[in-house]
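**Q** Mind looking over this structure? Questions follow.
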Amino acid sequence: MTNINSKYASITSLYTLVSLILYLCLNFLKLDNYQASQKIIGFVVILQITLTFIAFLMLKIEFLSLSGSFVWLNYLFHLSQPIIKAVSPQYDFAFDVSIYVFPATYLESLKYSYLMIILVTSGVMFYKCFEKETVYKKYMYSTISLDNLFKIGSIVFSCTFPIEMYIQINRILVARNSGYLATFEVEVSGLISLLATFSLIGMVMMLLGSKHHFLRGNILTGFYLLFYIIAMFSGGRMWQVIKILLILYYYIKTYDIKIKGKNLILIVVIGYLGAGFMSAVADFRAYDVQSSDYILQIISNVFVNNPILQIMEEFGGSVYTVALTIQKTVFELPVSFGKQFLTNFVSLVPNLSYKISEILDRSNYVLLLKMPNIGGSFVGEIYYSFKYFAIFPAFLIGFILQYFTTKIENGIKNTDFHFIIYTIMFQYSVVSWVRGSSAIFYRNTIFGMIFIYVITKILVRQIPLKELGEEKKGLET
């Protein structure tokens with residue numbers, strides 16, 4: 001029988017109760033004073049983020065974990081703009097979502113985003129109440145030792161990363177010659193693109209396989225991060241940032257790096273400079289990077305402007321997708337009741353017929369919005385799927401995410417990486433869902449699992465690992 005952690009249960013109950021009370025208070029806001037209502041929502045979101053931060057610390061939920069990343073990125077992408085209006089009323093928006101949609105729709109999109117995020121968070125915390133304390137296994141048997149894990153990862157990486165390099169470099173060159181929007185016309189076949197993405201699996205395997213080779217892990221991580229920072233010069237950032245976050249998480253967990261003291265100060269500085277760089281990348285889309293103005297813009301964003309607010313404004317514009325979804329489901333689109341989560345399985349079938357293409361297009365709710373150059377949104381899709389009945393799926397999603405997070409953390413602690421390796425592409429898809437759609441889940445996850453299964457079956461024979469506490473080198477035999 002599973003025991004409930006009474007302390008965690010009390011924290012979760014209190015957090016959920018306070019959060020729902022705050023949400024109910026938001027429903028008393030009126031349209032009479034539109035700007036004031038937005039500021040109030042901003043202050044409430046700040047309070048909610050503070051409560052979530054404290055609760056995560058008390059429940060030992062890590063901020064870069066799968067569940068933690070999903071929660072924090074949803075705050076950033078859906079509720080950043082009202083925060084800016086609360087803390088910096090004089091900020092000059094380049095794209096203020098509130099003036100592009102109906103006031104009632106905009107306020108509803110903010111409140112709905114708030115509700116979905118707190119329910120996902122409550123689901124995450126609820127799972128922690130049943131979570132058992134991790135224990136190290138005295139004996140463990142695996143089909144992959146650390147040494148073999150690194151070797152297989154190296155093979156996977158060597159076969160897939162050159163494709164990724166070709167795609168990213170090609171996009172940079174196209175962006176330099178024709179501008180950012182031209183990069184969307186860089187066509188790569190679905191299979192080739194998928195293989196390029198699998199380089200992430202190889203990188204994680206090499207990093208985990210370098211558990212007792214700190215220098216090697218540093219070199220691998222540094223190379224990977226540098227490549228994707230350079231890749232952002234194409235003007236795109238979403239996929240690059242997701243891969244960077246995942247690798248940073250596995251780097252920290254693999255080497256059990258503690259975030260405190262001077263490490264924390266260094267992270268803050270790097271984060272500030274990184275925000276300036278990403279803000280400049282956004283400006284790049286309207287700049288000619290062959291001139292020196294782009295470099296000056298980077299310097300300006302870091303040292304003159306406030307890059308944190310700029311990033312919050314731009315990323316927070318994702319709530320526009322939520323607002324459009326709310327408008328469209330009222331006047332044009334019927335509620336799907338989650339139908340696309342089933343029809344997305346068609347993505348596993350070769351696209352040999354226009355009927356398959358039609359099913360795929362109708363499974364991607366972003367395409368149904370019929371708005372050019374607009375990204376997806378987890379909150380938008382869950383509204384399109386269930387409207388306010390989504391309170392139950394949202395809670396369940398949080399619960400499932402923490403289940404995966406716990407399995408990942410236990411796998412790292414016990415040096416049992418099977419679950420991690422087979423779910424890397426699922427993790428990648430989950431994080432990208434914040435600013436995408438569920439259309440990518442099945443193709444990425446299922447083909448990623450098949451790919452790794454075939455590779456390991458071909459290259460690995462059954463090798464028992466030695467006793468973990470006896471000799472670290474035994475793991476590398």
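Letters A, B, ... go to the chains of the structure tokens in the order shown; residues in each chain start at 1; ligands are counted from 1 in the same order.
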Give me, as JSON lines, each residue of range 27-89 of chain A that comes within 12 Å of range 409-421 of chain A, together with its shortest interatomic pair and the distance in Å at one decimal, counting only C-alpha atoms, with rows ordered by chain and rising residue number.
**A**
{"residue": "A:Lys60", "atom": "CA", "partner": "A:Glu409", "partner_atom": "CA", "distance": 11.8}
{"residue": "A:Ile61", "atom": "CA", "partner": "A:Glu409", "partner_atom": "CA", "distance": 10.7}
{"residue": "A:Glu62", "atom": "CA", "partner": "A:Glu409", "partner_atom": "CA", "distance": 10.1}
{"residue": "A:Leu64", "atom": "CA", "partner": "A:Glu409", "partner_atom": "CA", "distance": 11.7}
{"residue": "A:Ser65", "atom": "CA", "partner": "A:Glu409", "partner_atom": "CA", "distance": 8.7}
{"residue": "A:Leu66", "atom": "CA", "partner": "A:Glu409", "partner_atom": "CA", "distance": 10.1}
{"residue": "A:Ser67", "atom": "CA", "partner": "A:Glu409", "partner_atom": "CA", "distance": 11.6}
**Q** With all heavy atoms retained, export the selected residues as a PDB file, in the first residue's frame.
**A**
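Contents of selection.pdb, as written:
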ATOM      1  N   LYS A  60      10.604  19.702  -2.975  1.00  0.00           N
ATOM      2  CA  LYS A  60      11.832  19.255  -3.658  1.00  0.00           C
ATOM      3  C   LYS A  60      11.579  18.925  -5.130  1.00  0.00           C
ATOM      4  O   LYS A  60      12.033  17.908  -5.659  1.00  0.00           O
ATOM      5  CB  LYS A  60      12.429  18.039  -2.941  1.00  0.00           C
ATOM      6  CG  LYS A  60      12.806  18.322  -1.494  1.00  0.00           C
ATOM      7  CD  LYS A  60      13.339  17.076  -0.806  1.00  0.00           C
ATOM      8  CE  LYS A  60      13.645  17.353   0.660  1.00  0.00           C
ATOM      9  NZ  LYS A  60      14.125  16.138   1.372  1.00  0.00           N
ATOM     10  N   ILE A  61      10.831  19.807  -5.786  1.00  0.00           N
ATOM     11  CA  ILE A  61      10.602  19.689  -7.228  1.00  0.00           C
ATOM     12  C   ILE A  61      11.604  20.598  -7.931  1.00  0.00           C
ATOM     13  O   ILE A  61      11.597  21.816  -7.730  1.00  0.00           O
ATOM     14  CB  ILE A  61       9.161  20.093  -7.608  1.00  0.00           C
ATOM     15  CG1 ILE A  61       8.161  19.176  -6.907  1.00  0.00           C
ATOM     16  CG2 ILE A  61       8.966  20.046  -9.122  1.00  0.00           C
ATOM     17  CD1 ILE A  61       6.714  19.608  -7.055  1.00  0.00           C
ATOM     18  N   GLU A  62      12.466  20.026  -8.721  1.00  0.00           N
ATOM     19  CA  GLU A  62      13.539  20.801  -9.329  1.00  0.00           C
ATOM     20  C   GLU A  62      13.028  21.649 -10.486  1.00  0.00           C
ATOM     21  O   GLU A  62      12.166  21.220 -11.254  1.00  0.00           O
ATOM     22  CB  GLU A  62      14.657  19.867  -9.790  1.00  0.00           C
ATOM     23  CG  GLU A  62      15.275  19.095  -8.628  1.00  0.00           C
ATOM     24  CD  GLU A  62      16.513  18.320  -9.041  1.00  0.00           C
ATOM     25  OE1 GLU A  62      17.050  18.583 -10.122  1.00  0.00           O
ATOM     26  OE2 GLU A  62      16.922  17.445  -8.261  1.00  0.00           O
ATOM     27  N   LEU A  64      14.495  22.751 -13.246  1.00  0.00           N
ATOM     28  CA  LEU A  64      14.846  22.379 -14.621  1.00  0.00           C
ATOM     29  C   LEU A  64      14.361  20.974 -14.978  1.00  0.00           C
ATOM     30  O   LEU A  64      14.631  20.490 -16.067  1.00  0.00           O
ATOM     31  CB  LEU A  64      16.363  22.452 -14.824  1.00  0.00           C
ATOM     32  CG  LEU A  64      16.934  23.790 -15.291  1.00  0.00           C
ATOM     33  CD1 LEU A  64      18.445  23.691 -15.461  1.00  0.00           C
ATOM     34  CD2 LEU A  64      16.287  24.263 -16.582  1.00  0.00           C
ATOM     35  N   SER A  65      13.662  20.328 -14.061  1.00  0.00           N
ATOM     36  CA  SER A  65      13.142  18.989 -14.340  1.00  0.00           C
ATOM     37  C   SER A  65      12.054  19.085 -15.406  1.00  0.00           C
ATOM     38  O   SER A  65      11.621  20.181 -15.789  1.00  0.00           O
ATOM     39  CB  SER A  65      12.567  18.372 -13.062  1.00  0.00           C
ATOM     40  OG  SER A  65      11.437  19.102 -12.618  1.00  0.00           O
ATOM     41  N   LEU A  66      11.599  17.928 -15.882  1.00  0.00           N
ATOM     42  CA  LEU A  66      10.564  17.921 -16.912  1.00  0.00           C
ATOM     43  C   LEU A  66       9.307  18.642 -16.446  1.00  0.00           C
ATOM     44  O   LEU A  66       8.774  19.509 -17.147  1.00  0.00           O
ATOM     45  CB  LEU A  66      10.236  16.472 -17.297  1.00  0.00           C
ATOM     46  CG  LEU A  66       9.230  16.284 -18.431  1.00  0.00           C
ATOM     47  CD1 LEU A  66       9.783  16.835 -19.734  1.00  0.00           C
ATOM     48  CD2 LEU A  66       8.872  14.808 -18.583  1.00  0.00           C
ATOM     49  N   SER A  67       8.835  18.306 -15.252  1.00  0.00           N
ATOM     50  CA  SER A  67       7.625  18.945 -14.724  1.00  0.00           C
ATOM     51  C   SER A  67       7.879  20.407 -14.396  1.00  0.00           C
ATOM     52  O   SER A  67       7.042  21.275 -14.686  1.00  0.00           O
ATOM     53  CB  SER A  67       7.130  18.201 -13.482  1.00  0.00           C
ATOM     54  OG  SER A  67       8.159  18.087 -12.513  1.00  0.00           O
TER      55      SER A  67
END
**Q** Mind the document's chain letters and residue numbers, and return as a VMD selection string the residues of range 59-260 of chain A that DSSP labels helix (DSSP H, G or I).
**A** chain A and resid 59 66 to 87 97 to 99 103 to 130 146 to 178 180 to 185 190 to 197 199 to 209 214 to 234 238 to 254
**Q** Hey, what's within 6 Å of range 4-16 of chain A if we count only C-alpha atoms and toss same-chain stuff fewer than 2 positions away? As a PyMOL selection string, please?
**A** chain A and resi 18-19+125+129-130
**Q** Considering only C-alpha atoms, state which residue in the set A:Leu348, A:Gly222, A:Phe395, A:Val319 is at the smallest distance from Thr105 in chain A.
**A**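 So, comparing all the options, the nearest one is A:Val319.
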**Q** With a distance cut-off of 12 Å and only C-alpha atoms, select the neighbouring residues of Asn33 in chain A, excluding the residue or stretch itself and same-chain residues fewer than 6 positions from it, and output the selection as a list in words.
**A**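 Once the adjacent positions are removed, what remains is Lys39, Ile40, Pro103, Ala104 and Leu107 of chain A.
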**Q** From the options A:Leu248, A:Asn74, A:Tyr255, A:Ile408, which residue's atoms come nearest to Gly436 in chain A, counting only C-alpha atoms?
**A**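 With only C-alpha atoms as the atom set, the closest residue is A:Asn74.
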**Q** Using only C-alpha atoms, which of A:Val349, A:Val45, A:Leu22, A:Ala196 sits nearest Val156 in chain A?
**A**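 Between A:Val349, A:Val45, A:Leu22, A:Ala196, the residue approaching Val156 in chain A most closely is A:Ala196.
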**Q** What's around Phe214 in chain A at 12 Å? Count only C-alpha atoms, leave out sequence neighbours fewer than 3 positions away in its own chain, and write the answer as a PDB file with N, CA, C and O atoms, in the first residue's frame.
**A**
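Listed below is the output, selection23.pdb:
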ATOM      1  N   MET A 206      25.680  10.010 -24.495  1.00  0.00           N
ATOM      2  CA  MET A 206      27.102  10.268 -24.275  1.00  0.00           C
ATOM      3  C   MET A 206      27.339  10.971 -22.946  1.00  0.00           C
ATOM      4  O   MET A 206      28.296  10.677 -22.232  1.00  0.00           O
ATOM      5  N   LEU A 207      26.453  11.894 -22.600  1.00  0.00           N
ATOM      6  CA  LEU A 207      26.603  12.634 -21.349  1.00  0.00           C
ATOM      7  C   LEU A 207      26.410  11.709 -20.146  1.00  0.00           C
ATOM      8  O   LEU A 207      27.220  11.715 -19.204  1.00  0.00           O
ATOM      9  N   LEU A 208      25.369  10.894 -20.177  1.00  0.00           N
ATOM     10  CA  LEU A 208      25.136   9.945 -19.088  1.00  0.00           C
ATOM     11  C   LEU A 208      26.262   8.914 -19.009  1.00  0.00           C
ATOM     12  O   LEU A 208      26.674   8.509 -17.918  1.00  0.00           O
ATOM     13  N   GLY A 209      26.770   8.511 -20.171  1.00  0.00           N
ATOM     14  CA  GLY A 209      27.866   7.559 -20.201  1.00  0.00           C
ATOM     15  C   GLY A 209      29.185   8.147 -19.726  1.00  0.00           C
ATOM     16  O   GLY A 209      30.149   7.420 -19.492  1.00  0.00           O
ATOM     17  N   SER A 210      29.218   9.469 -19.569  1.00  0.00           N
ATOM     18  CA  SER A 210      30.424  10.154 -19.078  1.00  0.00           C
ATOM     19  C   SER A 210      30.305  10.502 -17.598  1.00  0.00           C
ATOM     20  O   SER A 210      30.960  11.428 -17.113  1.00  0.00           O
ATOM     21  N   LYS A 211      29.460   9.759 -16.897  1.00  0.00           N
ATOM     22  CA  LYS A 211      29.188  10.043 -15.478  1.00  0.00           C
ATOM     23  C   LYS A 211      30.462  10.138 -14.643  1.00  0.00           C
ATOM     24  O   LYS A 211      30.565  10.972 -13.746  1.00  0.00           O
ATOM     25  N   GLY A 217      32.559  15.147 -20.058  1.00  0.00           N
ATOM     26  CA  GLY A 217      31.199  15.670 -20.012  1.00  0.00           C
ATOM     27  C   GLY A 217      31.160  17.165 -20.220  1.00  0.00           C
ATOM     28  O   GLY A 217      30.266  17.693 -20.891  1.00  0.00           O
ATOM     29  N   ASN A 218      32.146  17.885 -19.640  1.00  0.00           N
ATOM     30  CA  ASN A 218      32.222  19.338 -19.827  1.00  0.00           C
ATOM     31  C   ASN A 218      32.451  19.701 -21.281  1.00  0.00           C
ATOM     32  O   ASN A 218      31.836  20.637 -21.819  1.00  0.00           O
ATOM     33  N   ILE A 219      33.352  18.974 -21.931  1.00  0.00           N
ATOM     34  CA  ILE A 219      33.671  19.263 -23.336  1.00  0.00           C
ATOM     35  C   ILE A 219      32.451  19.012 -24.223  1.00  0.00           C
ATOM     36  O   ILE A 219      32.100  19.826 -25.085  1.00  0.00           O
ATOM     37  N   LEU A 220      31.787  17.872 -23.998  1.00  0.00           N
ATOM     38  CA  LEU A 220      30.600  17.539 -24.787  1.00  0.00           C
ATOM     39  C   LEU A 220      29.501  18.587 -24.609  1.00  0.00           C
ATOM     40  O   LEU A 220      28.911  19.064 -25.583  1.00  0.00           O
ATOM     41  N   THR A 221      29.230  18.939 -23.338  1.00  0.00           N
ATOM     42  CA  THR A 221      28.174  19.905 -23.049  1.00  0.00           C
ATOM     43  C   THR A 221      28.518  21.276 -23.634  1.00  0.00           C
ATOM     44  O   THR A 221      27.654  21.934 -24.245  1.00  0.00           O
ATOM     45  N   TYR A 251      23.086  17.496 -17.535  1.00  0.00           N
ATOM     46  CA  TYR A 251      24.442  17.804 -17.087  1.00  0.00           C
ATOM     47  C   TYR A 251      24.464  18.013 -15.574  1.00  0.00           C
ATOM     48  O   TYR A 251      25.294  17.446 -14.852  1.00  0.00           O
ATOM     49  N   ILE A 252      23.508  18.812 -15.076  1.00  0.00           N
ATOM     50  CA  ILE A 252      23.427  19.092 -13.641  1.00  0.00           C
ATOM     51  C   ILE A 252      23.138  17.818 -12.854  1.00  0.00           C
ATOM     52  O   ILE A 252      23.742  17.551 -11.805  1.00  0.00           O
ATOM     53  N   THR A 254      23.598  14.598 -13.870  1.00  0.00           N
ATOM     54  CA  THR A 254      24.643  13.582 -14.033  1.00  0.00           C
ATOM     55  C   THR A 254      25.793  13.809 -13.065  1.00  0.00           C
ATOM     56  O   THR A 254      26.312  12.865 -12.453  1.00  0.00           O
ATOM     57  N   TYR A 255      26.182  15.076 -12.897  1.00  0.00           N
ATOM     58  CA  TYR A 255      27.326  15.381 -12.041  1.00  0.00           C
ATOM     59  C   TYR A 255      26.906  15.948 -10.685  1.00  0.00           C
ATOM     60  O   TYR A 255      27.743  16.448  -9.931  1.00  0.00           O
ATOM     61  N   ASP A 256      25.601  15.865 -10.396  1.00  0.00           N
ATOM     62  CA  ASP A 256      25.071  16.272  -9.092  1.00  0.00           C
ATOM     63  C   ASP A 256      25.583  17.653  -8.692  1.00  0.00           C
ATOM     64  O   ASP A 256      26.093  17.862  -7.582  1.00  0.00           O
ATOM     65  N   ILE A 257      25.430  18.604  -9.594  1.00  0.00           N
ATOM     66  CA  ILE A 257      25.903  19.971  -9.362  1.00  0.00           C
ATOM     67  C   ILE A 257      24.883  20.728  -8.512  1.00  0.00           C
ATOM     68  O   ILE A 257      23.695  20.774  -8.840  1.00  0.00           O
TER      69      ILE A 257
END
